[in-house]
$ cat work_37.txt   # compact mmCIF, C-alpha atoms and all ligand atoms
# COMPACT_ATOMS: atom_id res chain seq x y z
CA MET A 297 0.00 0.00 0.00
CA SER A 298 1.35 3.47 -0.89
CA PHE A 299 2.04 6.43 1.41
CA VAL A 300 -0.36 9.33 0.71
CA GLY A 301 1.92 12.13 1.91
CA ASP A 302 0.10 14.97 0.09
CA ALA A 303 -3.16 14.02 1.79
CA HIS A 304 -1.42 13.99 5.22
CA VAL A 305 0.03 17.47 4.60
CA ARG A 306 -3.48 18.73 3.74
CA PHE A 307 -4.92 17.00 6.84
CA ILE A 308 -2.37 18.64 9.17
CA ARG A 309 -2.65 22.08 7.57
CA LYS A 310 -6.46 21.95 7.89
CA LEU A 311 -6.27 21.36 11.68
CA ASN A 312 -5.09 24.89 12.23
CA GLU A 313 -8.13 26.23 10.35
CA LYS A 314 -10.75 24.42 12.43
CA LYS A 315 -10.84 27.10 15.17
CA GLU A 316 -14.65 27.07 15.49
CA THR A 317 -14.99 23.33 16.07
CA PHE A 318 -15.67 21.55 19.38
CA GLU A 319 -12.55 19.47 18.85
CA TYR A 320 -10.39 22.60 18.69
CA VAL A 321 -11.89 24.10 21.86
CA ALA A 322 -11.76 20.79 23.75
CA THR A 323 -8.05 20.34 23.09
CA GLU A 324 -6.99 23.85 24.17
CA HIS A 325 -5.04 22.53 27.19
CA LEU A 326 -2.66 20.50 24.99
CA ARG A 327 -2.43 22.74 21.93
CA MET A 328 1.35 23.12 22.34
CA SER A 329 1.88 19.36 21.99
CA GLY A 330 -0.67 19.20 19.16
CA LEU A 331 1.32 21.80 17.26
CA TYR A 332 4.53 19.83 17.88
CA TRP A 333 2.96 16.63 16.50
CA GLY A 334 1.76 18.49 13.39
CA LEU A 335 4.89 20.50 12.65
CA CYS A 336 7.28 17.64 13.37
CA ALA A 337 5.30 15.43 10.95
CA LEU A 338 5.54 18.17 8.28
CA ASP A 339 9.28 18.43 8.98
CA ILE A 340 9.78 14.66 8.43
CA MET A 341 7.91 14.99 5.13
CA GLY A 342 10.06 18.00 4.15
CA THR A 343 7.08 20.37 3.84
CA PRO A 344 8.21 24.01 3.90
CA LEU A 345 6.30 26.64 5.91
CA SER A 346 5.87 30.26 4.79
CA GLN A 347 7.68 33.02 6.70
CA GLU A 348 4.28 34.30 7.82
CA GLU A 349 3.37 30.88 9.24
CA ILE A 350 6.71 30.57 11.02
CA ASP A 351 6.44 34.04 12.59
CA GLY A 352 2.86 33.39 13.71
CA PHE A 353 3.77 30.07 15.36
CA VAL A 354 6.85 31.52 17.10
CA GLN A 355 4.83 34.42 18.49
CA TRP A 356 2.10 32.06 19.73
CA ILE A 357 4.63 29.69 21.38
CA LEU A 358 6.37 32.56 23.17
CA SER A 359 2.98 33.84 24.39
CA CYS A 360 2.57 30.56 26.35
CA GLN A 361 5.63 31.22 28.54
CA ASN A 362 4.92 32.07 32.19
CA GLU A 363 6.72 34.09 34.88
CA ASP A 364 8.36 30.89 36.21
CA ALA A 365 10.01 30.51 32.75
CA GLY A 366 8.06 27.30 32.00
CA PHE A 367 5.41 26.95 29.26
CA GLY A 368 1.73 26.09 29.42
CA GLY A 369 -0.28 24.20 26.79
CA SER A 370 -1.98 27.47 25.68
CA PRO A 371 -1.64 31.16 26.61
CA GLY A 372 -2.58 31.75 30.27
CA HIS A 373 -2.27 28.07 31.25
CA ASP A 374 0.02 26.94 34.10
CA SER A 375 3.50 25.74 33.24
CA HIS A 376 4.10 22.03 32.82
CA LEU A 377 7.13 19.99 31.74
CA LEU A 378 5.14 18.36 28.91
CA TYR A 379 4.44 21.71 27.25
CA THR A 380 7.83 23.18 28.12
CA LEU A 381 9.42 20.35 26.14
CA SER A 382 7.00 20.79 23.22
CA ALA A 383 7.72 24.56 23.18
CA ILE A 384 11.49 24.01 23.05
CA GLN A 385 11.11 21.35 20.35
CA LEU A 386 8.81 23.61 18.32
CA LEU A 387 11.14 26.61 18.48
CA ALA A 388 13.97 24.34 17.34
CA ILE A 389 11.91 22.85 14.47
CA LEU A 390 10.98 26.37 13.36
CA GLY A 391 14.67 27.41 13.50
CA HIS A 392 13.93 29.97 16.22
CA LEU A 393 15.38 28.44 19.40
CA GLU A 394 17.47 31.62 19.59
CA ASP A 395 14.22 33.50 20.36
CA LEU A 396 13.73 31.60 23.64
CA HIS A 397 13.94 34.23 26.37
CA ASN A 398 16.67 33.43 28.87
CA PRO A 399 17.30 29.72 28.14
CA GLU A 400 19.23 29.36 31.43
CA ARG A 401 16.10 30.27 33.39
CA VAL A 402 14.06 27.77 31.39
CA ALA A 403 16.68 25.12 32.18
CA GLN A 404 16.54 26.08 35.86
CA TYR A 405 12.74 25.79 35.84
CA VAL A 406 13.14 22.22 34.53
CA ALA A 407 15.94 21.28 36.94
CA ALA A 408 13.98 22.57 39.95
CA LEU A 409 11.32 19.90 39.25
CA GLN A 410 13.75 17.13 40.27
CA HIS A 411 12.92 15.51 43.61
CA PRO A 412 15.54 14.24 46.10
CA ASP A 413 14.93 10.60 45.03
CA GLY A 414 15.94 11.54 41.46
CA SER A 415 12.38 11.51 40.01
CA PHE A 416 10.76 14.52 38.31
CA GLY A 417 7.43 16.16 39.00
CA GLY A 418 5.53 17.41 35.95
CA ASP A 419 4.80 20.79 37.52
CA ARG A 420 4.77 22.54 40.88
CA TRP A 421 2.00 20.21 42.09
CA GLY A 422 4.47 17.35 41.96
CA GLU A 423 2.83 14.37 40.18
CA ILE A 424 5.69 11.94 39.49
CA ASP A 425 5.93 9.88 36.30
CA THR A 426 8.81 8.54 34.19
CA ARG A 427 7.33 10.66 31.36
CA PHE A 428 8.58 13.71 33.23
CA THR A 429 12.10 12.30 33.59
CA TYR A 430 12.18 12.04 29.80
CA CYS A 431 10.81 15.56 29.33
CA ALA A 432 13.44 16.98 31.68
CA ALA A 433 16.28 15.02 30.06
CA CYS A 434 15.16 16.04 26.58
CA CYS A 435 14.73 19.76 27.47
CA LEU A 436 18.12 19.91 29.17
CA GLY A 437 19.84 17.92 26.42
CA LEU A 438 18.47 20.32 23.80
CA LEU A 439 19.47 23.36 25.87
CA HIS A 440 22.91 21.88 26.72
CA HIS A 441 22.27 22.17 30.46
CA LEU A 442 22.29 18.60 31.78
CA GLU A 443 24.79 19.70 34.42
CA LEU A 444 21.95 21.36 36.35
CA ILE A 445 20.45 18.03 37.52
CA ASN A 446 21.66 15.04 39.49
CA VAL A 447 21.95 12.49 36.68
CA ASP A 448 23.07 9.62 38.94
CA GLN A 449 19.97 10.04 41.11
CA ALA A 450 17.74 10.29 38.03
CA VAL A 451 19.21 6.99 36.76
CA GLU A 452 18.73 5.42 40.21
CA PHE A 453 15.04 6.37 40.11
CA LEU A 454 14.65 4.88 36.62
CA ARG A 455 16.29 1.65 37.83
CA ARG A 456 13.62 1.47 40.55
CA CYS A 457 10.94 1.69 37.82
CA MET A 458 12.41 -1.30 35.95
CA ASN A 459 10.45 -4.56 36.14
CA ILE A 460 11.57 -8.21 35.98
CA ASP A 461 10.46 -8.34 32.32
CA GLY A 462 13.12 -5.70 31.52
CA GLY A 463 10.48 -3.01 30.86
CA PHE A 464 9.46 0.12 32.74
CA GLY A 465 6.30 1.58 34.18
CA SER A 466 5.29 5.10 35.20
CA CYS A 467 6.69 4.73 38.74
CA PRO A 468 8.25 2.01 40.92
CA GLY A 469 6.01 -1.10 40.91
CA ALA A 470 3.91 -0.02 37.90
CA GLU A 471 3.36 -2.42 34.97
CA SER A 472 5.67 -2.22 31.95
CA HIS A 473 4.15 -0.21 29.12
CA GLY A 474 5.55 0.77 25.70
CA GLY A 475 5.03 4.50 26.31
CA GLN A 476 6.95 4.51 29.57
CA ILE A 477 9.67 2.34 28.01
CA PHE A 478 10.28 5.02 25.37
CA CYS A 479 10.57 7.59 28.18
CA CYS A 480 12.99 5.55 30.28
CA VAL A 481 15.18 4.31 27.42
CA GLY A 482 15.18 7.80 25.86
CA ALA A 483 16.20 9.44 29.13
CA LEU A 484 18.90 6.82 29.76
CA ALA A 485 20.19 7.41 26.22
CA ILE A 486 20.43 11.18 26.86
CA PHE A 487 22.21 10.42 30.15
CA ASN A 488 24.51 7.97 28.27
CA ARG A 489 23.53 5.31 30.79
CA LEU A 490 22.16 2.41 28.72
CA ASP A 491 24.21 0.19 31.06
CA ALA A 492 21.21 0.42 33.41
CA LEU A 493 19.19 -1.73 30.95
CA ASP A 494 19.03 -5.44 30.32
CA GLN A 495 18.93 -4.81 26.56
CA ASP A 496 18.34 -8.43 25.50
CA LEU A 497 15.50 -8.97 27.97
CA LEU A 498 13.85 -5.67 27.05
CA GLY A 499 14.46 -6.33 23.36
CA TRP A 500 12.58 -9.63 23.63
CA TRP A 501 9.68 -8.05 25.49
CA LEU A 502 9.41 -5.34 22.83
CA ALA A 503 9.71 -7.80 19.93
CA GLU A 504 6.86 -9.83 21.43
CA ARG A 505 4.64 -6.76 21.11
CA GLN A 506 4.26 -7.36 17.35
CA THR A 507 0.81 -8.78 16.63
CA ASP A 508 -0.54 -10.90 13.76
CA LEU A 509 -1.69 -7.70 12.01
CA GLY A 510 1.93 -6.47 11.95
CA GLY A 511 1.21 -3.57 14.32
CA LEU A 512 2.68 -3.32 17.82
CA ASN A 513 0.77 -3.25 21.10
CA GLY A 514 1.88 -1.46 24.28
CA ARG A 515 1.63 -4.45 26.61
CA PRO A 516 0.65 -8.14 26.44
CA GLU A 517 -2.88 -9.08 25.31
CA LYS A 518 -3.67 -5.55 24.08
CA GLU A 519 -4.73 -4.37 20.64
CA PRO A 520 -2.08 -3.06 18.23
CA ASP A 521 -2.00 0.71 17.86
CA VAL A 522 -0.01 2.90 15.46
CA CYS A 523 1.48 5.05 18.23
CA TYR A 524 3.51 2.06 19.52
CA SER A 525 5.29 2.20 16.17
CA TRP A 526 6.95 5.12 17.91
CA TRP A 527 6.99 4.26 21.61
CA ASN A 528 8.28 0.68 21.19
CA LEU A 529 10.27 1.09 18.00
CA THR A 530 12.38 3.97 19.35
CA ALA A 531 13.51 1.78 22.26
CA LEU A 532 14.47 -0.99 19.81
CA ALA A 533 16.23 1.57 17.58
CA ILE A 534 18.22 3.03 20.47
CA MET A 535 19.26 -0.51 21.45
CA ASP A 536 20.08 -1.39 17.78
CA ARG A 537 17.45 -4.15 17.76
CA VAL A 538 14.93 -3.01 15.08
CA PRO A 539 15.54 -6.24 13.07
CA TRP A 540 14.06 -8.15 16.03
CA ILE A 541 10.63 -7.26 14.64
CA ASP A 542 9.30 -7.63 11.08
CA PRO A 543 9.70 -4.06 9.70
CA ASP A 544 7.71 -4.71 6.51
CA ALA A 545 4.74 -6.04 8.46
CA LEU A 546 4.83 -3.01 10.77
CA ALA A 547 5.07 -0.56 7.86
CA GLY A 548 2.13 -2.38 6.24
CA PHE A 549 0.05 -1.92 9.40
CA ILE A 550 0.83 1.83 9.58
CA LEU A 551 0.00 2.31 5.90
CA ALA A 552 -3.29 0.42 6.36
CA CYS A 553 -4.27 3.00 9.03
CA GLN A 554 -4.12 5.92 6.56
CA ASP A 555 -7.25 7.77 5.52
CA ARG A 556 -6.43 7.75 1.84
CA GLU A 557 -9.03 10.41 0.91
CA GLU A 558 -9.01 12.94 3.76
CA GLY A 559 -5.45 12.26 4.92
CA GLY A 560 -4.24 11.50 8.44
CA ILE A 561 -3.50 8.21 10.21
CA SER A 562 -5.61 6.50 12.90
CA ASP A 563 -4.69 4.14 15.75
CA ARG A 564 -6.08 1.08 13.92
CA PRO A 565 -7.38 0.41 10.39
CA GLU A 566 -10.80 2.02 9.74
CA ASP A 567 -10.73 4.25 12.86
CA GLU A 568 -10.84 8.04 12.61
CA ALA A 569 -7.53 9.77 11.90
CA ASP A 570 -6.03 12.26 14.39
CA VAL A 571 -2.88 14.37 14.44
CA TYR A 572 -1.26 12.33 17.25
CA HIS A 573 -1.39 9.01 15.36
CA THR A 574 -0.57 10.82 12.11
CA PHE A 575 2.69 12.05 13.64
CA PHE A 576 3.64 8.77 15.32
CA GLY A 577 2.75 6.78 12.20
CA ILE A 578 4.93 8.98 9.97
CA ALA A 579 7.70 8.99 12.59
CA GLY A 580 7.54 5.18 12.73
CA LEU A 581 7.84 4.93 8.94
CA SER A 582 10.82 7.30 9.11
CA LEU A 583 12.51 5.13 11.77
CA LEU A 584 11.92 2.08 9.58
CA GLY A 585 13.47 3.90 6.60
CA LYS A 586 10.32 3.43 4.51
CA CYS A 587 8.45 5.67 2.01
CA ASP A 588 11.43 7.90 1.08
CA LEU A 589 10.68 10.50 3.74
CA PRO A 590 13.27 13.28 3.30
CA ASN A 591 14.10 14.23 6.92
CA LYS A 592 14.93 11.36 9.27
CA ILE A 593 13.50 11.40 12.78
CA ASN A 594 15.86 10.86 15.71
CA PRO A 595 14.62 8.19 18.17
CA VAL A 596 16.16 9.85 21.24
CA TYR A 597 14.98 13.45 20.89
CA ALA A 598 11.86 12.87 18.76
CA MET A 599 12.94 15.53 16.27
CA THR A 600 14.55 15.34 12.86
CA GLU A 601 18.30 14.90 12.61
CA ARG A 602 18.57 18.15 10.63
CA VAL A 603 17.16 20.15 13.57
CA LEU A 604 19.55 18.48 16.05
CA ALA A 605 22.49 19.26 13.77
CA ARG A 606 21.48 22.92 13.60
CA TYR A 607 21.59 23.18 17.40
CA HIS A 608 24.71 21.01 17.85
CA VAL A 609 22.84 18.31 19.76
CA ASP A 610 24.49 14.87 19.65
CA PRO A 611 21.96 12.55 17.92
CA ALA A 612 23.40 9.47 19.66
CA PRO A 613 24.47 10.56 23.16
CA HIS A 614 24.34 6.90 24.28
CA LYS A 615 27.14 5.98 21.88
CA LYS A 616 29.74 8.35 23.31
CA PRO A 617 32.60 6.66 25.17
CA ARG A 618 31.91 7.06 28.88
CA THR A 619 34.22 7.45 31.83
CA PRO A 620 32.45 5.43 34.52
CA GLY A 621 31.95 7.04 37.89
CA PRO A 622 31.89 5.38 41.33
CA GLY A 623 29.28 2.64 41.65
CA SER A 624 29.51 1.54 38.01
CA ARG A 625 29.35 -2.16 37.20
CA PRO A 626 32.74 -3.86 37.70
CA ASP A 627 32.99 -4.82 34.00
CA GLN A 628 32.86 -1.14 33.15
CA ALA A 629 35.01 0.14 35.99
CA ALA A 630 37.91 2.47 35.35
CA PRO A 631 41.34 0.83 35.49
CA PRO A 632 42.78 0.69 39.03
CA PRO A 633 45.15 3.48 40.03
CA PRO A 634 48.86 2.74 39.69
CA PRO A 635 50.38 1.10 42.79
CA SER A 636 51.85 3.68 45.19
CA SER A 637 55.58 3.34 45.78
C1 LIG B 1 8.42 14.08 22.73
C2 LIG B 1 7.42 12.03 21.73
C3 LIG B 1 7.61 12.90 22.92
C4 LIG B 1 7.03 12.55 24.10
C5 LIG B 1 7.11 13.34 25.35
C6 LIG B 1 4.37 12.63 26.86
C7 LIG B 1 5.60 11.80 26.68
C8 LIG B 1 6.94 12.47 26.59
C9 LIG B 1 5.51 10.48 26.64
C10 LIG B 1 4.23 9.71 26.76
C11 LIG B 1 4.55 8.25 26.87
C12 LIG B 1 3.32 7.42 27.05
C13 LIG B 1 2.94 7.04 28.41
C14 LIG B 1 2.66 7.00 25.95
C15 LIG B 1 1.54 6.06 25.96
C16 LIG B 1 0.29 6.70 25.48
C17 LIG B 1 -0.83 5.69 25.36
C18 LIG B 1 -1.07 5.05 24.07
C19 LIG B 1 -1.56 5.41 26.40
C20 LIG B 1 -2.68 4.46 26.30
O1 LIG B 1 -2.61 3.59 27.36
P1 LIG B 1 -3.80 2.54 27.47
O2 LIG B 1 -3.59 1.72 28.68
O3 LIG B 1 -3.60 1.80 26.13
O4 LIG B 1 -5.11 3.26 27.36
P2 LIG B 1 -3.34 0.29 25.77
O5 LIG B 1 -2.70 0.38 24.41
O6 LIG B 1 -2.39 -0.29 26.80
O7 LIG B 1 -4.66 -0.35 25.74
ZN ZN B 2 -2.36 5.19 20.22

$ encode --input "work_37.txt" --output "structure tokens" --more "lines below"
Ligand code: GRG
Ligand code: ZN
Amino acid sequence: MSFVGDAHVRFIRKLNEKKETFEYVATEHLRMSGLYWGLCALDIMGTPLSQEEIDGFVQWILSCQNEDAGFGGSPGHDSHLLYTLSAIQLLAILGHLEDLHNPERVAQYVAALQHPDGSFGGDRWGEIDTRFTYCAACCLGLLHHLELINVDQAVEFLRRCMNIDGGFGSCPGAESHGGQIFCCVGALAIFNRLDALDQDLLGWWLAERQTDLGGLNGRPEKEPDVCYSWWNLTALAIMDRVPWIDPDALAGFILACQDREEGGISDRPEDEADVYHTFFGIAGLSLLGKCDLPNKINPVYAMTERVLARYHVDPAPHKKPRTPGPGSRPDQAAPPPPPSS
């Protein structure tokens, strides 16, 4: 089945015109992330924006920044790590990260959400979730300010969220789930700490998520869903284990979820398309190297490689040689000091 890119571009562009609809009003609280899904999908497909569009988006994004330096999901909404990450990603995609007011203060806002046990709260109210560890790692990686947090403690918290199946949940003791696995593996990649994983065990668990339809599910016995073509596949990509699934079958499932007339991609074949599954479907196809998409998505930062290059962000932080610190596994320990005379 073919990829109907032109229809997807039309579908995404139309979303911004539907300002009078219930759907638009009902999603106000997460508009920042919605815009990120749409613009990142257009970026993967190499769709240019006009200068007028770029300026309008940048102005709108900056209008969502609050006194505490964080960003809300819409103007006047409280700051949250989810939307602060989307805002930073959007400014980078638009080539306007330079317009971010006082990036050090934004980085400090993010770092201040770390708790003493290494976890991150999503906002000042303090709900903890491994999603927020990823958001913090990604924001600080993009802003080149990882030194502001305690990385060892953050890794320690993630270790506590790891289950005996090799996967991760939202907090210690929570069931393994594809979405949280992306967050934990992505954060560990940014921290260059993949040594915290059992990559073979996790690789097996993820490979077993492929269903008879070719699509991936997020946990055992669940239905396949296009968005796991991002959540699960990124973890496999970061661990160099994409061939552990059948890529052609997965691509076939994603393509079968396209609305070939109106554009957009849905969670499952014949369901209604939405911008979230459109983005994750296109991002999954990009990770699989299918459909000749011009700008490759990066599995760690969830942005195209061209944007990372522009801002000098290492696309594979987990592949850098690492000098182990105290408490590292013995097989990775630094050589012993020379004997004293
Ligand atoms: C920059 C890409 C990016 C992400 C930012 C928000 C975030 C960080 C990560 C979210 C990770 C996550 C938890 C994704 C899962 C979303 C999802 C499909 C939830 C559905 O869960 P269930 O239990 O669905 O309703 P299943 O498929 O298990 O039936
Ligand atoms: Zn989904």

$ residues_around --input "work_37.txt" --residues "region 350-355 of chain A" --least-positions-apart "3" --cutoff "8 Å" --atoms "only C-alpha atoms" --output "ChimeraX atom specification"
/A:345-347,358-359,387,390,392

$ residues_near_ligand --input "work_37.txt" --ligand "ligand ZN 2 (chain B)" --cutoff "8 Å" --atoms "all atoms listed in the file" --output "list in words"
Asp521, Val522, Cys523, Tyr524, Asp563, Tyr572 and His573 of chain A

$ atom_distance --input "work_37.txt" --atom1 "CA of Ile389 (chain A)" --atom2 "CA of Val603 (chain A)"
6.0 Å

$ residues_near_ligand --input "work_37.txt" --ligand "ligand LIG 1 (chain B)" --cutoff "10 Å" --atoms "all atoms listed in the file" --output "PyMOL selection string"
chain A and resi 329+332-333+377-379+381-382+385+425-432+434-435+465-466+472-480+482+512-524+526-528+530+563+572-573+575-576+579+595-599

$ atom_distance --input "work_37.txt" --atom1 "CA of Glu601 (chain A)" --atom2 "CA of Ala388 (chain A)"
11.4 Å

$ closest_residue --input "work_37.txt" --among "A:Thr619, A:Arg606, A:Leu396, A:Ala569" --to "Glu557 (chain A)" --atoms "all atoms listed in the file"
A:Ala569

$ closest_residue --input "work_37.txt" --among "A:Ile308, A:Met535, A:Ala545, A:Ala383" --to "Met328 (chain A)" --atoms "only C-alpha atoms"
A:Ala383

$ atom_distance --input "work_37.txt" --atom1 "CA of Arg505 (chain A)" --atom2 "CA of Arg556 (chain A)"
26.5 Å

$ closest_residue --input "work_37.txt" --among "A:Lys315, A:His441, A:Cys467, A:Asp339" --to "Leu589 (chain A)" --atoms "all atoms listed in the file"
A:Asp339

$ residues_around --input "work_37.txt" --residues "Met297 (chain A)" --least-positions-apart "2" --cutoff "10 Å" --atoms "all atoms listed in the file" --output "PyMOL selection string"
chain A and resi 299-300+547-552+554

$ closest_residue --input "work_37.txt" --among "A:Thr343, A:Ser562, A:Asn362, A:Asn398" --to "Gly301 (chain A)" --atoms "only C-alpha atoms"
A:Thr343

$ residues_around --input "work_37.txt" --residues "Lys310 (chain A)" --least-positions-apart "3" --cutoff "12 Å" --atoms "only C-alpha atoms" --output "PyMOL selection string"
chain A and resi 303-307+313-315+317+320+334+558-560+570-571

$ write_last_selection --input "work_37.txt" --atoms "C-alpha atoms" --output "tab-separated table (two decimals), in the coordinates of the input"
chain	number	residue	atom	x	y	z
A	303	ALA	CA	-3.16	14.02	1.79
A	304	HIS	CA	-1.42	13.99	5.22
A	305	VAL	CA	0.03	17.47	4.60
A	306	ARG	CA	-3.48	18.73	3.74
A	307	PHE	CA	-4.92	17.00	6.84
A	313	GLU	CA	-8.13	26.23	10.35
A	314	LYS	CA	-10.75	24.42	12.43
A	315	LYS	CA	-10.84	27.10	15.17
A	317	THR	CA	-14.99	23.33	16.07
A	320	TYR	CA	-10.39	22.60	18.69
A	334	GLY	CA	1.76	18.49	13.39
A	558	GLU	CA	-9.01	12.94	3.76
A	559	GLY	CA	-5.45	12.26	4.92
A	560	GLY	CA	-4.24	11.50	8.44
A	570	ASP	CA	-6.03	12.26	14.39
A	571	VAL	CA	-2.88	14.37	14.44

$ build_atoms --input "work_37.txt" --residues "region 321-345 of chain A" --atoms "N, CA and C atoms" --output "compact mmCIF listing (two decimals), keeping the file's coordinate frame"
# COMPACT_ATOMS: atom_id res chain seq x y z
N VAL A 321 -11.70 23.51 20.52
CA VAL A 321 -11.89 24.10 21.86
C VAL A 321 -11.54 23.07 22.94
N ALA A 322 -11.95 21.82 22.73
CA ALA A 322 -11.76 20.79 23.75
C ALA A 322 -10.29 20.41 23.94
N THR A 323 -9.46 20.74 22.97
CA THR A 323 -8.05 20.34 23.09
C THR A 323 -7.15 21.54 23.42
N GLU A 324 -7.76 22.63 23.89
CA GLU A 324 -6.99 23.85 24.17
C GLU A 324 -5.81 23.58 25.11
N HIS A 325 -6.06 22.74 26.16
CA HIS A 325 -5.04 22.53 27.19
C HIS A 325 -3.77 21.86 26.66
N LEU A 326 -3.87 21.18 25.50
CA LEU A 326 -2.66 20.50 24.99
C LEU A 326 -2.27 20.99 23.60
N ARG A 327 -2.69 22.25 23.29
CA ARG A 327 -2.43 22.74 21.93
C ARG A 327 -0.94 22.76 21.60
N MET A 328 -0.10 23.06 22.60
CA MET A 328 1.35 23.12 22.34
C MET A 328 1.85 21.77 21.82
N SER A 329 1.41 20.67 22.46
CA SER A 329 1.88 19.36 21.99
C SER A 329 1.25 19.02 20.65
N GLY A 330 -0.01 19.43 20.45
CA GLY A 330 -0.67 19.20 19.16
C GLY A 330 0.09 19.85 18.02
N LEU A 331 0.56 21.08 18.29
CA LEU A 331 1.32 21.80 17.26
C LEU A 331 2.64 21.08 16.98
N TYR A 332 3.27 20.59 18.05
CA TYR A 332 4.53 19.83 17.88
C TYR A 332 4.28 18.58 17.02
N TRP A 333 3.21 17.83 17.30
CA TRP A 333 2.96 16.63 16.50
C TRP A 333 2.79 17.00 15.02
N GLY A 334 2.03 18.07 14.77
CA GLY A 334 1.76 18.49 13.39
C GLY A 334 3.01 18.98 12.68
N LEU A 335 3.74 19.90 13.34
CA LEU A 335 4.89 20.50 12.65
C LEU A 335 6.05 19.53 12.51
N CYS A 336 6.20 18.62 13.48
CA CYS A 336 7.28 17.64 13.37
C CYS A 336 6.98 16.66 12.22
N ALA A 337 5.69 16.31 12.07
CA ALA A 337 5.30 15.43 10.95
C ALA A 337 5.60 16.13 9.62
N LEU A 338 5.26 17.42 9.52
CA LEU A 338 5.54 18.17 8.28
C LEU A 338 7.06 18.22 8.03
N ASP A 339 7.82 18.37 9.12
CA ASP A 339 9.28 18.43 8.98
C ASP A 339 9.81 17.10 8.42
N ILE A 340 9.33 15.96 8.93
CA ILE A 340 9.78 14.66 8.43
C ILE A 340 9.48 14.56 6.93
N MET A 341 8.31 15.08 6.54
CA MET A 341 7.91 14.99 5.13
C MET A 341 8.56 16.08 4.26
N GLY A 342 9.35 16.96 4.91
CA GLY A 342 10.06 18.00 4.15
C GLY A 342 9.15 19.08 3.60
N THR A 343 8.03 19.36 4.32
CA THR A 343 7.08 20.37 3.84
C THR A 343 7.49 21.75 4.33
N PRO A 344 7.79 22.68 3.43
CA PRO A 344 8.21 24.01 3.90
C PRO A 344 7.03 24.82 4.44
N LEU A 345 7.32 25.71 5.39
CA LEU A 345 6.30 26.64 5.91
C LEU A 345 6.63 28.03 5.37
